[in-house]
Each structure stands twice: as C-alpha cells, then as structure tokens.
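Reviewing the structure listed below.
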Number of protein chains: 2
Amino acid sequence: MSTTRRVPTRDELRIWREYIETADALRAALGARLQSDSGLSSGDYTVLLALSEADGRQLRSSALAAQIGWERSRLSHHLGRMERRGLIAREDCPTDNRGAEIVLTAAGATVFEDSNGPHLRAIREVFVDALTPEQLAAAGEVASALRVHLTDQTDRIT
Amino acid sequence: MSTTRRVPTRDELRIWREYIETADALRAALGARLQSDSGLSSGDYTVLLALSEADGRQLRSSALAAQIGWERSRLSHHLGRMERRGLIAREDCPTDNRGAEIVLTAAGATVFEDSNGPHLRAIREVFVDALTPEQLAAAGEVASALRVHLTDQTDRIT
DNA sequence: GTCACTTGATTGACACGTCAATTATGGCAT
DNA sequence: ATGCCATAATTGACGTGTCAATCAAGTGAC
C-alpha cells in the first residue's frame with residue numbers, strides 16, 4: 001500500500017479548510033476595503049504598483065506581465081478595463097512595432113498614491129496585528145515550506 | 001500619532017505576500033488537479049460534497065447556500081451551470097412553492113465519488129505532506145488567530 | 001379579502017480568469 | 001525577396017463572482 005493512496009485525517013482536513021478559507025476571507029476583506037477606499041480592485045493595485053515603480057512610470061506589456069506574474073491574456077483584458085477608466089494608457093513601442101508600452105497616467109498615479117497608505121495599513125490591521133511575532137514568523141515558514149514543496153512537485157511533472 | 005497610521009515593515013509585507021500568494025498557488029494547483037482528474041471545478045466539488053452528505057441527497061437551495069457559505073445568487077448561477085451538465089437537478093419544493101429542491105443526480109453522485117479519493121489525496125500531497133507536524137499545528141493556529149481577529153473587526157463595523 | 005412586508009430564488013449587467021485562436025511583426029535561412 | 005517560424009499582444013468564448021433588481025409566493029394587519 002503506497003503512501004500515495006492515503007487520505008488526510010479529519011484533523012488534517014480541518015486545518016486545510018481553515019487555512020484556505022481564512023486566506024480567502026482575508027483576500028476578500030482587503031479587496032473590499034481597497035475598493036471602497038479608492039475604487040481599485042486588487043488587480044488594479046498590483047498593476048499600478050508595478051507601473052509606479054518602473055522607470056518613467058511605464059513598462060512593456062510583456063515586462064509588466066512577467067513582473068507581476070500574470071498570464072499575458074489576463075493582463076491584456078485587465079489593461080483594457082483600466083484603460084477605459086483612464087488609469088493607464090497604451091502607446092506604441094518605438095523599438096518593436098509589435099510591442100505596447102503601458103504608461104501610468106497622471107490620474108492613475110494619483111489614485112494609486114491615495115490608495116497606497118490606507119491599503120498598507122489595512123494589511124497591517126487585518127494580518128500583522130492579528131498575529132503574535134512568533135505566529136507571524138511561523139506563518140512565513142509555513143508559506144515557504146508549502147511553496148517549496150509545491151514548486152518541487154510541479155517541476156517534477158515538467 | 002495613532003497606531004492606525006503605521007504601515008507594515010518590509011518583513012511583515014514580505015510575509016503577507018508569501019502567505020497570500022502561496023494560498024493562491026495551492027488553490028490553483030488543487031483546482032487544476034481536480035479539473036483534470038474529474039472535470040470538476042472546486043465550486044462543483046463543494047456543492048456535490050454538501051449534496052452527497054444531505055438526507056436523500058437533496059437540499060433546499062437556501063439550506064445548501066447556508067451550508068457551504070455562498071451567496072444565493074452565486075449558488076443560483078453555479079447550479080444553472082451544473083444543471084446543464086446533468087450533475088444536479090432542480091425540483092419543486094412540496095412544502096413551499098417558492099422553494100427549490102436541489103437534488104444530486106445519479107451521474108453527479110458517480111462523478112463526485114470518483115473525484116473524492118483523488119482530491120483528498122491531492123490535499124495531502126500538496127498541503128499536509130509539505131509540513132512537519134509542528135508546522136501543521138502552527139498553520140492551524142495562525143489561521144484561527146486570523147479568523148478570530150477578522151471576525152472581531154467585521155463585527156465591530158456591524 | 002387585500003394591502004404591505006418579507007422571504008426564496010432567479011436574472012442581468014458587469015468584473016475577473018483561463019484557454020485556445022488570431023493578428024501582426026520580427027528575424028532568419030535560403 | 002520569399003518563406004517559415006518565433007514572438008508580442010489581443011481577442012473571443014466561456015466559467016466564475018458580486019451587486020442590484022426582479023419576481024413569485026408566503027404572512028400578518030386591518
């Protein structure tokens with residue numbers, strides 16, 4: 001009987017559910033605060049953060065996708081929505097006619113700057129303040145163990 | 001200077017990102033496995049699990065929503081898609097003409113049963129096996145501290 | 001009985017995500 | 001220069017999620 005046939009215990013499953021449902025609840029809570037504070041979704045925030053840190057407040061679409069770890073089609077769709085709202089603009093790339101330069105508009109920069117402080121404070125209130133320093137460290141170790149394990153598994157398949 | 005104006009440190013922010021991104025990666029990995037193993041989304045699985053455990057393999061729509069903690073409109077949309085695929089059926093409720101009884105079809109039961117073992121084993125492989133017993137316990141404590149804190153905050157607003 | 005109110009559930013509009021095309025350009029071998 | 005393939009980015013189809021509006025049926029006041 002190989003270990004790959006064993007199923008988690010009741011307790012293991014309970015912890016798994018707590019873990020994943022809590023992460024979801026946190027994401028939802030932060031997303032809602034960001035939305036009501038500044039009208040941004042968390043995707044918007046991610047994009048604006050990357051652009052605001054980029055040289056000249058602009059990036060090639062593919063560089064942006066790589067930076068934030070998104071699939072290109074996801075980014076394309078999202079940029080379309082953000083462009084409609086005037087947060088970013090698309091310009092032709094001078095060095096490669098296929099390329100698109102995504103530039104942060106003045107309006108986008110303002111919205112992002114206004115959102116940033118409140119968002120970071122919300123992270124502190126919802127996450128950091130909920131945990132003791134030991135728990136915070138433990139959370140980091142757990143996340144990192146999970147990620148290493150997941151990466152190993154995924155790589156093995158590839 | 002009130003503490004509500006402070007922003008997380010670089011380290012705190014790093015841990016937050018690891019935490020939330022890892023949870024996301026786990027959800028994605030498990031969802032992908034479930035999908036390729038059995039053609040179910042994780043939402044499908046949640047619904048089928050609840051129905052399969054219910055008396056007579058059926059539940060009132062509102063009871064199902066409460067059981068799995070979904071908004072009713074989300075459930076309605078999802079049930080529409082599952083109904084099209086023959087996994088569940090909607091029947092009139094005998095005691096309340098407004099109500100809908102959601103029943104697990106034979107096909108739905110079969111798909112669920114076939115998916116269950118592999119899905120539980122995937123949870124073990126991706127989550128439980130990645131952690132030492134101490135880390136697993138720590139993950140549970142962290143999740144529960146986060147949830148308590150979040151609930152307190154949310155309640156205070158209400 | 002009927003009017004207002006509540007409750008059960010669905011619907012429509014729209015944001016978001018993924019996958020599989022598609023379009024257009026770049027770049028290279030011949 | 002032509003033909004072929006790789007690359008940059010977008011598009012379309014569809015599943016998923018939220019919010020607000022809708023609709024139908026129960027319920028209580030009068």
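Naming scheme: A, B, ... for chains in displayed order of the structure tokens; residues 1 onward per chain; ligands 1 onward as shown.
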
Handout entry: Counting only C-alpha atoms (C1' of nucleotides), chain B residues within 12 Å of chain D, as number ranges by chain
Key = B: 40-44, 70-82, 95-99

Limited to N, CA and C atoms, could you put the picked residues into a file as a PDB file, in the first residue's frame?
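Final output, saved to result_3.pdb:
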```
ATOM      1  N   LEU B  40     -14.243  18.450 -12.638  1.00  0.00           N
ATOM      2  CA  LEU B  40     -14.995  19.298 -11.708  1.00  0.00           C
ATOM      3  C   LEU B  40     -14.180  20.528 -11.339  1.00  0.00           C
ATOM      4  N   SER B  41     -14.868  21.647 -11.150  1.00  0.00           N
ATOM      5  CA  SER B  41     -14.228  22.814 -10.560  1.00  0.00           C
ATOM      6  C   SER B  41     -14.335  22.662  -9.044  1.00  0.00           C
ATOM      7  N   SER B  42     -13.617  23.503  -8.319  1.00  0.00           N
ATOM      8  CA  SER B  42     -13.688  23.331  -6.877  1.00  0.00           C
ATOM      9  C   SER B  42     -15.055  23.753  -6.351  1.00  0.00           C
ATOM     10  N   GLY B  43     -15.710  24.667  -7.060  1.00  0.00           N
ATOM     11  CA  GLY B  43     -17.085  25.006  -6.701  1.00  0.00           C
ATOM     12  C   GLY B  43     -18.010  23.807  -6.886  1.00  0.00           C
ATOM     13  N   ASP B  44     -17.865  23.121  -8.009  1.00  0.00           N
ATOM     14  CA  ASP B  44     -18.651  21.912  -8.242  1.00  0.00           C
ATOM     15  C   ASP B  44     -18.458  20.935  -7.094  1.00  0.00           C
ATOM     16  N   TRP B  70     -22.212  30.257   0.730  1.00  0.00           N
ATOM     17  CA  TRP B  70     -22.192  31.020  -0.514  1.00  0.00           C
ATOM     18  C   TRP B  70     -23.352  31.995  -0.536  1.00  0.00           C
ATOM     19  N   GLU B  71     -23.180  33.074  -1.302  1.00  0.00           N
ATOM     20  CA  GLU B  71     -24.301  33.967  -1.547  1.00  0.00           C
ATOM     21  C   GLU B  71     -25.289  33.237  -2.441  1.00  0.00           C
ATOM     22  N   ARG B  72     -26.538  33.588  -2.284  1.00  0.00           N
ATOM     23  CA  ARG B  72     -27.554  32.865  -3.024  1.00  0.00           C
ATOM     24  C   ARG B  72     -27.456  33.071  -4.521  1.00  0.00           C
ATOM     25  N   SER B  73     -27.098  34.243  -4.930  1.00  0.00           N
ATOM     26  CA  SER B  73     -27.062  34.446  -6.379  1.00  0.00           C
ATOM     27  C   SER B  73     -25.882  33.689  -6.991  1.00  0.00           C
ATOM     28  N   ARG B  74     -24.802  33.625  -6.243  1.00  0.00           N
ATOM     29  CA  ARG B  74     -23.677  32.836  -6.718  1.00  0.00           C
ATOM     30  C   ARG B  74     -24.100  31.381  -6.896  1.00  0.00           C
ATOM     31  N   LEU B  75     -24.816  30.883  -5.892  1.00  0.00           N
ATOM     32  CA  LEU B  75     -25.261  29.493  -5.969  1.00  0.00           C
ATOM     33  C   LEU B  75     -26.212  29.289  -7.137  1.00  0.00           C
ATOM     34  N   SER B  76     -27.115  30.221  -7.330  1.00  0.00           N
ATOM     35  CA  SER B  76     -28.062  30.112  -8.447  1.00  0.00           C
ATOM     36  C   SER B  76     -27.329  29.984  -9.784  1.00  0.00           C
ATOM     37  N   HIS B  77     -26.399  30.868  -9.997  1.00  0.00           N
ATOM     38  CA  HIS B  77     -25.636  30.817 -11.241  1.00  0.00           C
ATOM     39  C   HIS B  77     -24.908  29.485 -11.355  1.00  0.00           C
ATOM     40  N   HIS B  78     -24.274  29.077 -10.273  1.00  0.00           N
ATOM     41  CA  HIS B  78     -23.486  27.851 -10.340  1.00  0.00           C
ATOM     42  C   HIS B  78     -24.384  26.638 -10.585  1.00  0.00           C
ATOM     43  N   LEU B  79     -25.519  26.605  -9.920  1.00  0.00           N
ATOM     44  CA  LEU B  79     -26.439  25.483 -10.108  1.00  0.00           C
ATOM     45  C   LEU B  79     -26.942  25.432 -11.549  1.00  0.00           C
ATOM     46  N   GLY B  80     -27.137  26.599 -12.144  1.00  0.00           N
ATOM     47  CA  GLY B  80     -27.546  26.625 -13.542  1.00  0.00           C
ATOM     48  C   GLY B  80     -26.541  25.901 -14.415  1.00  0.00           C
ATOM     49  N   ARG B  81     -25.264  26.186 -14.173  1.00  0.00           N
ATOM     50  CA  ARG B  81     -24.235  25.531 -14.979  1.00  0.00           C
ATOM     51  C   ARG B  81     -24.153  24.038 -14.678  1.00  0.00           C
ATOM     52  N   MET B  82     -24.297  23.685 -13.403  1.00  0.00           N
ATOM     53  CA  MET B  82     -24.217  22.267 -13.046  1.00  0.00           C
ATOM     54  C   MET B  82     -25.429  21.501 -13.567  1.00  0.00           C
ATOM     55  N   THR B  95     -43.342  21.742   0.165  1.00  0.00           N
ATOM     56  CA  THR B  95     -43.876  22.473   1.318  1.00  0.00           C
ATOM     57  C   THR B  95     -43.871  23.985   1.118  1.00  0.00           C
ATOM     58  N   ASP B  96     -43.153  24.465   0.102  1.00  0.00           N
ATOM     59  CA  ASP B  96     -43.107  25.910  -0.131  1.00  0.00           C
ATOM     60  C   ASP B  96     -42.932  26.141  -1.625  1.00  0.00           C
ATOM     61  N   ASN B  97     -43.994  26.649  -2.229  1.00  0.00           N
ATOM     62  CA  ASN B  97     -43.985  26.757  -3.685  1.00  0.00           C
ATOM     63  C   ASN B  97     -42.922  27.695  -4.234  1.00  0.00           C
ATOM     64  N   ARG B  98     -42.355  28.543  -3.360  1.00  0.00           N
ATOM     65  CA  ARG B  98     -41.277  29.402  -3.837  1.00  0.00           C
ATOM     66  C   ARG B  98     -39.961  28.644  -3.919  1.00  0.00           C
ATOM     67  N   GLY B  99     -39.881  27.601  -3.075  1.00  0.00           N
ATOM     68  CA  GLY B  99     -38.600  26.930  -2.863  1.00  0.00           C
ATOM     69  C   GLY B  99     -38.167  26.027  -4.001  1.00  0.00           C
TER      70      GLY B  99
END
```

Which residues of chain C come within 12 Å of chain B, and what is each one's closest atom pair and distance in Å (one decimal), counting only C-alpha atoms (C1' of nucleotides), sorted by chain and residue number, as a Markdown table?
```
| residue | atom | partner | partner_atom | distance |
| --- | --- | --- | --- | --- |
| C:DT7 | C1' | B:Arg98 | CA | 8.9 |
| C:DG8 | C1' | B:Arg98 | CA | 5.6 |
| C:DA9 | C1' | B:Gly99 | CA | 7.0 |
| C:DT10 | C1' | B:Ser76 | CA | 6.9 |
| C:DT11 | C1' | B:Ser73 | CA | 9.0 |
| C:DG12 | C1' | B:His77 | CA | 11.4 |
| C:DG17 | C1' | B:Ala28 | CA | 11.4 |
| C:DT18 | C1' | B:Ala32 | CA | 11.2 |
```

Let's have the selection written as a compact mmCIF listing (two decimals), in the first residue's frame, with C-alpha atoms (C1' of nucleotides).
```
# COMPACT_ATOMS: atom_id res chain seq x y z
C1' DT C 7 -38.73 35.58 2.08
C1' DG C 8 -36.89 32.18 -1.66
C1' DA C 9 -34.88 32.19 -5.67
C1' DT C 10 -33.54 33.84 -10.21
C1' DT C 11 -31.82 37.21 -13.51
C1' DG C 12 -28.93 40.74 -15.83
C1' DG C 17 -9.67 34.48 -15.15
C1' DT C 18 -8.26 30.84 -18.37
```

Problem - Residue among A:Leu30, A:Leu49, A:Ala109, A:Leu59 lying closest to chain B, counting only C-alpha atoms - result: A:Leu30

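Among B:Ser38, B:Thr9, B:Gln58, B:Thr22, the residue with the shortest atom-to-atom distance to B:Ala106, counting only C-alpha atoms, is B:Gln58.
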
Practice task
Find the spatial neighbours of A:Gln135, counting only C-alpha atoms (C1' of nucleotides), within a cut-off of 10 Å - ignore same-chain residues fewer than 5 positions away - and output them as a list in words.
Solution key: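 Here the qualifying residues turn out to be Val128, Ala130, Gly140 and Glu141 of chain A; Ala138, Ala139, Glu141, Val142, Ala143 and Ala145 of chain B.
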
Export, as a short mmCIF file (atom, residue, chain, number, x, y, z; two decimals), in the first residue's frame, the selected residues with N, CA and C atoms.
```cif
data_model
loop_
_atom_site.label_atom_id
_atom_site.label_comp_id
_atom_site.auth_asym_id
_atom_site.auth_seq_id
_atom_site.Cartn_x
_atom_site.Cartn_y
_atom_site.Cartn_z
N VAL A 128 -1.07 41.52 10.05
CA VAL A 128 0.03 41.63 11.00
C VAL A 128 -0.47 41.75 12.44
N ALA A 130 -3.06 40.71 13.75
CA ALA A 130 -3.81 39.56 14.25
C ALA A 130 -2.88 38.53 14.87
N GLY A 140 5.24 32.72 8.02
CA GLY A 140 6.22 32.82 6.96
C GLY A 140 6.86 31.49 6.65
N GLU A 141 7.18 30.74 7.72
CA GLU A 141 7.83 29.44 7.49
C GLU A 141 6.88 28.45 6.83
N ALA B 138 0.99 24.83 13.69
CA ALA B 138 1.17 26.28 13.64
C ALA B 138 0.25 26.90 12.58
N ALA B 139 0.13 26.22 11.44
CA ALA B 139 -0.74 26.73 10.37
C ALA B 139 -2.17 26.85 10.89
N GLU B 141 -3.10 27.26 14.00
CA GLU B 141 -3.22 28.35 14.97
C GLU B 141 -3.22 29.71 14.30
N VAL B 142 -2.36 29.84 13.31
CA VAL B 142 -2.32 31.11 12.58
C VAL B 142 -3.67 31.38 11.93
N ALA B 143 -4.20 30.37 11.25
CA ALA B 143 -5.49 30.55 10.57
C ALA B 143 -6.55 30.94 11.59
N ALA B 145 -6.19 32.36 14.56
CA ALA B 145 -5.98 33.72 15.07
C ALA B 145 -6.44 34.75 14.05
#
```

Exercise for the section: Using atom CA of B:Ile68 and atom CA of B:Ser144 as the two end points, give the distance in Å to one decimal. Expected result: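 These two atoms are separated by 18.6 Å.
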
Please identify every residue of chain B that has at least one atom no more than 9 Å from any atom of chain A, counting only C-alpha atoms, and report them as an mmCIF file with C-alpha atoms, in the first residue's frame.
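Final file, iface04.cif:
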```cif
data_model
loop_
_atom_site.group_PDB
_atom_site.id
_atom_site.type_symbol
_atom_site.label_atom_id
_atom_site.label_comp_id
_atom_site.auth_asym_id
_atom_site.auth_seq_id
_atom_site.Cartn_x
_atom_site.Cartn_y
_atom_site.Cartn_z
ATOM 1 C CA THR B 4 -3.717 53.062 12.948
ATOM 2 C CA ARG B 5 -1.458 55.278 10.842
ATOM 3 C CA ARG B 6 1.504 52.909 10.851
ATOM 4 C CA VAL B 7 2.383 50.844 7.846
ATOM 5 C CA PRO B 8 3.836 47.292 7.855
ATOM 6 C CA GLU B 12 5.862 41.995 7.522
ATOM 7 C CA LEU B 13 4.859 42.859 3.995
ATOM 8 C CA ARG B 14 7.059 40.103 2.595
ATOM 9 C CA ILE B 15 5.431 37.541 4.857
ATOM 10 C CA TRP B 16 1.989 38.803 3.938
ATOM 11 C CA GLU B 18 4.204 34.933 0.742
ATOM 12 C CA TYR B 19 1.182 33.954 2.754
ATOM 13 C CA ILE B 20 -1.446 35.135 0.325
ATOM 14 C CA GLU B 21 0.368 34.141 -2.843
ATOM 15 C CA THR B 22 1.085 30.683 -1.520
ATOM 16 C CA ALA B 23 -2.531 30.144 -0.581
ATOM 17 C CA ASP B 24 -3.461 31.204 -4.095
ATOM 18 C CA ALA B 25 -0.944 28.856 -5.658
ATOM 19 C CA LEU B 26 -2.279 25.965 -3.566
ATOM 20 C CA ARG B 27 -5.834 26.695 -4.560
ATOM 21 C CA ALA B 29 -2.825 23.618 -8.019
ATOM 22 C CA GLY B 117 -10.401 9.974 -3.146
ATOM 23 C CA PRO B 118 -8.006 11.591 -5.598
ATOM 24 C CA HIS B 119 -8.966 15.039 -4.366
ATOM 25 C CA LEU B 120 -8.368 14.174 -0.721
ATOM 26 C CA ARG B 121 -5.049 12.580 -1.608
ATOM 27 C CA ALA B 122 -4.094 15.707 -3.544
ATOM 28 C CA ILE B 123 -4.766 17.767 -0.433
ATOM 29 C CA ARG B 124 -2.473 15.509 1.495
ATOM 30 C CA GLU B 125 0.255 15.671 -1.103
ATOM 31 C CA VAL B 126 0.104 19.409 -1.654
ATOM 32 C CA PHE B 127 -0.587 20.609 1.868
ATOM 33 C CA VAL B 128 -0.202 18.049 4.637
ATOM 34 C CA ASP B 129 2.929 16.387 3.270
ATOM 35 C CA ALA B 130 4.641 19.744 2.818
ATOM 36 C CA LEU B 131 4.574 20.473 6.538
ATOM 37 C CA GLN B 135 4.172 23.419 11.129
ATOM 38 C CA LEU B 136 0.768 21.915 10.505
ATOM 39 C CA ALA B 137 -0.297 22.794 14.044
ATOM 40 C CA ALA B 138 1.169 26.279 13.637
ATOM 41 C CA ALA B 139 -0.736 26.734 10.373
ATOM 42 C CA GLY B 140 -3.944 25.876 12.203
ATOM 43 C CA GLU B 141 -3.218 28.346 14.973
ATOM 44 C CA VAL B 142 -2.318 31.110 12.578
ATOM 45 C CA ALA B 143 -5.489 30.551 10.572
ATOM 46 C CA SER B 144 -7.590 30.575 13.651
ATOM 47 C CA ALA B 145 -5.978 33.719 15.071
ATOM 48 C CA LEU B 146 -6.520 35.451 11.743
ATOM 49 C CA ARG B 147 -10.119 34.391 11.555
ATOM 50 C CA VAL B 148 -10.911 35.490 15.086
ATOM 51 C CA HIS B 149 -9.304 38.858 14.501
ATOM 52 C CA LEU B 150 -11.118 39.322 11.209
ATOM 53 C CA GLN B 153 -13.167 43.595 13.210
ATOM 54 C CA THR B 154 -16.061 42.862 10.918
#
```

Chain B in the frame of chain A after Cα least-squares fit, as an mmCIF file with C-alpha atoms, in the first residue's frame:
```cif
data_model
loop_
_atom_site.group_PDB
_atom_site.id
_atom_site.type_symbol
_atom_site.label_atom_id
_atom_site.label_comp_id
_atom_site.auth_asym_id
_atom_site.auth_seq_id
_atom_site.Cartn_x
_atom_site.Cartn_y
_atom_site.Cartn_z
ATOM 1 C CA MET B 1 -0.057 -0.039 0.104
ATOM 2 C CA SER B 2 1.729 3.026 -1.200
ATOM 3 C CA THR B 3 1.528 6.250 0.780
ATOM 4 C CA THR B 4 0.070 7.990 -2.251
ATOM 5 C CA ARG B 5 -3.197 6.170 -1.568
ATOM 6 C CA ARG B 6 -3.681 7.567 1.924
ATOM 7 C CA VAL B 7 -6.183 10.269 2.634
ATOM 8 C CA PRO B 8 -5.822 13.109 5.189
ATOM 9 C CA THR B 9 -7.115 12.616 8.715
ATOM 10 C CA ARG B 10 -10.115 14.540 9.972
ATOM 11 C CA ASP B 11 -7.779 16.958 11.759
ATOM 12 C CA GLU B 12 -5.542 17.502 8.781
ATOM 13 C CA LEU B 13 -8.554 18.213 6.633
ATOM 14 C CA ARG B 14 -9.927 20.645 9.201
ATOM 15 C CA ILE B 15 -6.666 22.565 9.248
ATOM 16 C CA TRP B 16 -6.547 22.607 5.471
ATOM 17 C CA ARG B 17 -10.038 24.076 5.315
ATOM 18 C CA GLU B 18 -9.259 26.673 7.962
ATOM 19 C CA TYR B 19 -6.107 27.600 6.136
ATOM 20 C CA ILE B 20 -7.619 28.044 2.712
ATOM 21 C CA GLU B 21 -10.875 29.603 3.841
ATOM 22 C CA THR B 22 -9.090 32.080 6.055
ATOM 23 C CA ALA B 23 -6.792 33.136 3.253
ATOM 24 C CA ASP B 24 -9.868 33.648 1.104
ATOM 25 C CA ALA B 25 -11.605 35.689 3.770
ATOM 26 C CA LEU B 26 -8.521 37.894 4.150
ATOM 27 C CA ARG B 27 -8.294 38.470 0.438
ATOM 28 C CA ALA B 28 -11.960 39.352 0.311
ATOM 29 C CA ALA B 29 -11.731 41.715 3.293
ATOM 30 C CA LEU B 30 -8.728 43.560 1.896
ATOM 31 C CA GLY B 31 -10.238 43.707 -1.564
ATOM 32 C CA ALA B 32 -13.434 45.191 -0.201
ATOM 33 C CA ARG B 33 -11.541 47.833 1.767
ATOM 34 C CA LEU B 34 -9.393 48.760 -1.192
ATOM 35 C CA GLN B 35 -12.467 49.002 -3.385
ATOM 36 C CA SER B 36 -14.379 51.238 -1.017
ATOM 37 C CA ASP B 37 -11.359 53.355 -0.072
ATOM 38 C CA SER B 38 -10.191 54.055 -3.590
ATOM 39 C CA GLY B 39 -12.341 52.303 -6.165
ATOM 40 C CA LEU B 40 -9.516 49.940 -7.091
ATOM 41 C CA SER B 41 -9.642 46.173 -7.332
ATOM 42 C CA SER B 42 -6.665 44.276 -6.043
ATOM 43 C CA GLY B 43 -5.682 43.548 -9.632
ATOM 44 C CA ASP B 44 -5.721 47.272 -10.361
ATOM 45 C CA TYR B 45 -3.510 47.838 -7.339
ATOM 46 C CA THR B 46 -1.005 45.212 -8.445
ATOM 47 C CA VAL B 47 -0.718 46.758 -11.892
ATOM 48 C CA LEU B 48 -0.485 50.317 -10.598
ATOM 49 C CA LEU B 49 2.153 49.342 -8.036
ATOM 50 C CA ALA B 50 4.363 47.802 -10.697
ATOM 51 C CA LEU B 51 3.954 50.768 -13.033
ATOM 52 C CA SER B 52 4.547 53.326 -10.327
ATOM 53 C CA GLU B 53 7.871 51.699 -9.488
ATOM 54 C CA ALA B 54 8.973 51.388 -13.104
ATOM 55 C CA ASP B 55 11.372 53.718 -14.898
ATOM 56 C CA GLY B 56 9.364 56.535 -16.420
ATOM 57 C CA ARG B 57 6.236 55.006 -14.902
ATOM 58 C CA GLN B 58 5.880 52.736 -17.894
ATOM 59 C CA LEU B 59 6.633 49.166 -18.907
ATOM 60 C CA ARG B 60 6.372 46.918 -21.895
ATOM 61 C CA SER B 61 3.288 44.795 -21.573
ATOM 62 C CA SER B 62 5.309 41.585 -21.457
ATOM 63 C CA ALA B 63 7.683 42.992 -18.830
ATOM 64 C CA LEU B 64 4.717 44.006 -16.719
ATOM 65 C CA ALA B 65 3.200 40.538 -17.028
ATOM 66 C CA ALA B 66 6.484 38.956 -15.954
ATOM 67 C CA GLN B 67 6.914 41.363 -13.066
ATOM 68 C CA ILE B 68 3.548 40.642 -11.514
ATOM 69 C CA GLY B 69 3.398 37.009 -12.594
ATOM 70 C CA TRP B 70 0.237 37.215 -14.671
ATOM 71 C CA GLU B 71 -0.653 35.444 -17.877
ATOM 72 C CA ARG B 72 -0.515 37.768 -20.803
ATOM 73 C CA SER B 73 -4.097 37.399 -21.816
ATOM 74 C CA ARG B 74 -5.237 38.129 -18.305
ATOM 75 C CA LEU B 75 -3.154 41.277 -18.348
ATOM 76 C CA SER B 76 -4.507 42.287 -21.742
ATOM 77 C CA HIS B 77 -8.075 42.030 -20.562
ATOM 78 C CA HIS B 78 -7.314 43.855 -17.350
ATOM 79 C CA LEU B 79 -5.438 46.644 -19.102
ATOM 80 C CA GLY B 80 -8.398 47.098 -21.417
ATOM 81 C CA ARG B 81 -10.624 47.767 -18.447
ATOM 82 C CA MET B 82 -8.084 50.027 -16.765
ATOM 83 C CA GLU B 83 -7.563 51.951 -19.971
ATOM 84 C CA ARG B 84 -11.297 52.624 -20.247
ATOM 85 C CA ARG B 85 -11.174 54.113 -16.763
ATOM 86 C CA GLY B 86 -8.171 56.282 -17.631
ATOM 87 C CA LEU B 87 -5.804 54.672 -15.134
ATOM 88 C CA ILE B 88 -3.278 53.639 -17.768
ATOM 89 C CA ALA B 89 -2.680 54.255 -21.452
ATOM 90 C CA ARG B 90 -1.231 52.093 -24.201
ATOM 91 C CA GLU B 91 1.415 53.567 -26.483
ATOM 92 C CA ASP B 92 3.360 52.141 -29.373
ATOM 93 C CA CYS B 93 6.768 50.768 -28.570
ATOM 94 C CA PRO B 94 9.516 52.627 -30.462
ATOM 95 C CA THR B 95 11.933 49.679 -30.623
ATOM 96 C CA ASP B 96 9.496 46.897 -31.530
ATOM 97 C CA ASN B 97 6.419 47.602 -33.568
ATOM 98 C CA ARG B 98 4.634 44.594 -32.110
ATOM 99 C CA GLY B 99 5.145 45.816 -28.578
ATOM 100 C CA ALA B 100 2.964 47.975 -26.366
ATOM 101 C CA GLU B 101 4.192 50.405 -23.762
ATOM 102 C CA ILE B 102 1.854 50.595 -20.810
ATOM 103 C CA VAL B 103 2.096 53.996 -19.196
ATOM 104 C CA LEU B 104 0.723 55.164 -15.884
ATOM 105 C CA THR B 105 -1.490 58.200 -16.442
ATOM 106 C CA ALA B 106 -1.430 61.158 -14.071
ATOM 107 C CA ALA B 107 -4.893 60.171 -12.916
ATOM 108 C CA GLY B 108 -3.736 56.601 -12.334
ATOM 109 C CA ALA B 109 -0.742 57.788 -10.342
ATOM 110 C CA THR B 110 -2.932 59.955 -8.131
ATOM 111 C CA VAL B 111 -5.436 57.199 -7.447
ATOM 112 C CA PHE B 112 -2.622 54.794 -6.639
ATOM 113 C CA GLU B 113 -0.857 57.180 -4.300
ATOM 114 C CA ASP B 114 -4.053 57.894 -2.446
ATOM 115 C CA SER B 115 -4.788 54.204 -2.111
ATOM 116 C CA ASN B 116 -1.373 53.057 -1.006
ATOM 117 C CA GLY B 117 -1.194 54.197 2.604
ATOM 118 C CA PRO B 118 -4.671 53.005 3.526
ATOM 119 C CA HIS B 119 -4.074 49.699 1.782
ATOM 120 C CA LEU B 120 -0.808 49.048 3.599
ATOM 121 C CA ARG B 121 -2.420 49.973 6.899
ATOM 122 C CA ALA B 122 -5.283 47.595 6.137
ATOM 123 C CA ILE B 123 -2.761 44.808 5.643
ATOM 124 C CA ARG B 124 -1.307 45.597 9.011
ATOM 125 C CA GLU B 125 -4.675 45.685 10.704
ATOM 126 C CA VAL B 126 -6.044 42.544 9.105
ATOM 127 C CA PHE B 127 -2.932 40.393 9.007
ATOM 128 C CA VAL B 128 0.048 41.634 10.995
ATOM 129 C CA ASP B 129 -1.909 42.835 14.022
ATOM 130 C CA ALA B 130 -3.775 39.539 14.255
ATOM 131 C CA LEU B 131 -0.596 37.588 14.935
ATOM 132 C CA THR B 132 2.040 37.476 17.634
ATOM 133 C CA PRO B 133 5.613 37.902 16.363
ATOM 134 C CA GLU B 134 6.071 34.139 16.745
ATOM 135 C CA GLN B 135 2.935 33.415 14.767
ATOM 136 C CA LEU B 136 3.994 35.839 12.076
ATOM 137 C CA ALA B 137 7.339 34.065 11.759
ATOM 138 C CA ALA B 138 5.570 30.699 11.740
ATOM 139 C CA ALA B 139 3.226 31.911 8.997
ATOM 140 C CA GLY B 140 6.253 32.839 6.911
ATOM 141 C CA GLU B 141 7.857 29.456 7.435
ATOM 142 C CA VAL B 142 4.692 27.580 6.629
ATOM 143 C CA ALA B 143 4.192 29.580 3.444
ATOM 144 C CA SER B 144 7.714 28.998 2.375
ATOM 145 C CA ALA B 145 7.616 25.260 3.095
ATOM 146 C CA LEU B 146 4.398 25.003 1.109
ATOM 147 C CA ARG B 147 5.809 26.922 -1.796
ATOM 148 C CA VAL B 148 8.992 24.884 -1.949
ATOM 149 C CA HIS B 149 7.041 21.651 -1.848
ATOM 150 C CA LEU B 150 4.637 22.842 -4.521
ATOM 151 C CA THR B 151 7.417 24.024 -6.794
ATOM 152 C CA ASP B 152 9.240 20.716 -6.421
ATOM 153 C CA GLN B 153 6.116 18.793 -7.325
ATOM 154 C CA THR B 154 5.301 20.981 -10.277
ATOM 155 C CA ASP B 155 8.872 20.821 -11.542
ATOM 156 C CA ARG B 156 8.877 17.055 -11.295
ATOM 157 C CA ILE B 157 5.890 16.926 -13.641
ATOM 158 C CA THR B 158 7.619 19.201 -16.158
#
```

Exercise for the section: Pick out each residue of chain A that DSSP on the backbone tags as alpha helix (DSSP H); I need them as JSON, numbers by chain. Expected result: {"A": [10, 11, 12, 13, 14, 15, 16, 17, 18, 19, 20, 21, 22, 23, 24, 25, 26, 27, 28, 29, 30, 31, 32, 33, 34, 35, 36, 37, 38, 42, 43, 44, 45, 46, 47, 48, 49, 50, 51, 52, 53, 61, 62, 63, 64, 65, 66, 67, 68, 72, 73, 74, 75, 76, 77, 78, 79, 80, 81, 82, 83, 84, 106, 107, 108, 109, 110, 111, 112, 113, 114, 115, 116, 117, 118, 119, 120, 121, 122, 123, 124, 125, 126, 133, 134, 135, 136, 137, 138, 139, 140, 141, 142, 143, 144, 145, 146, 147, 148, 149, 150, 151, 152, 153, 154, 155, 156, 157]}

Handout entry: Which of stretch 12-114 of chain B DSSP labels strand (DSSP E), written as a PyMOL selection string
Key = chain B and resi 58-60+88-92+100-104
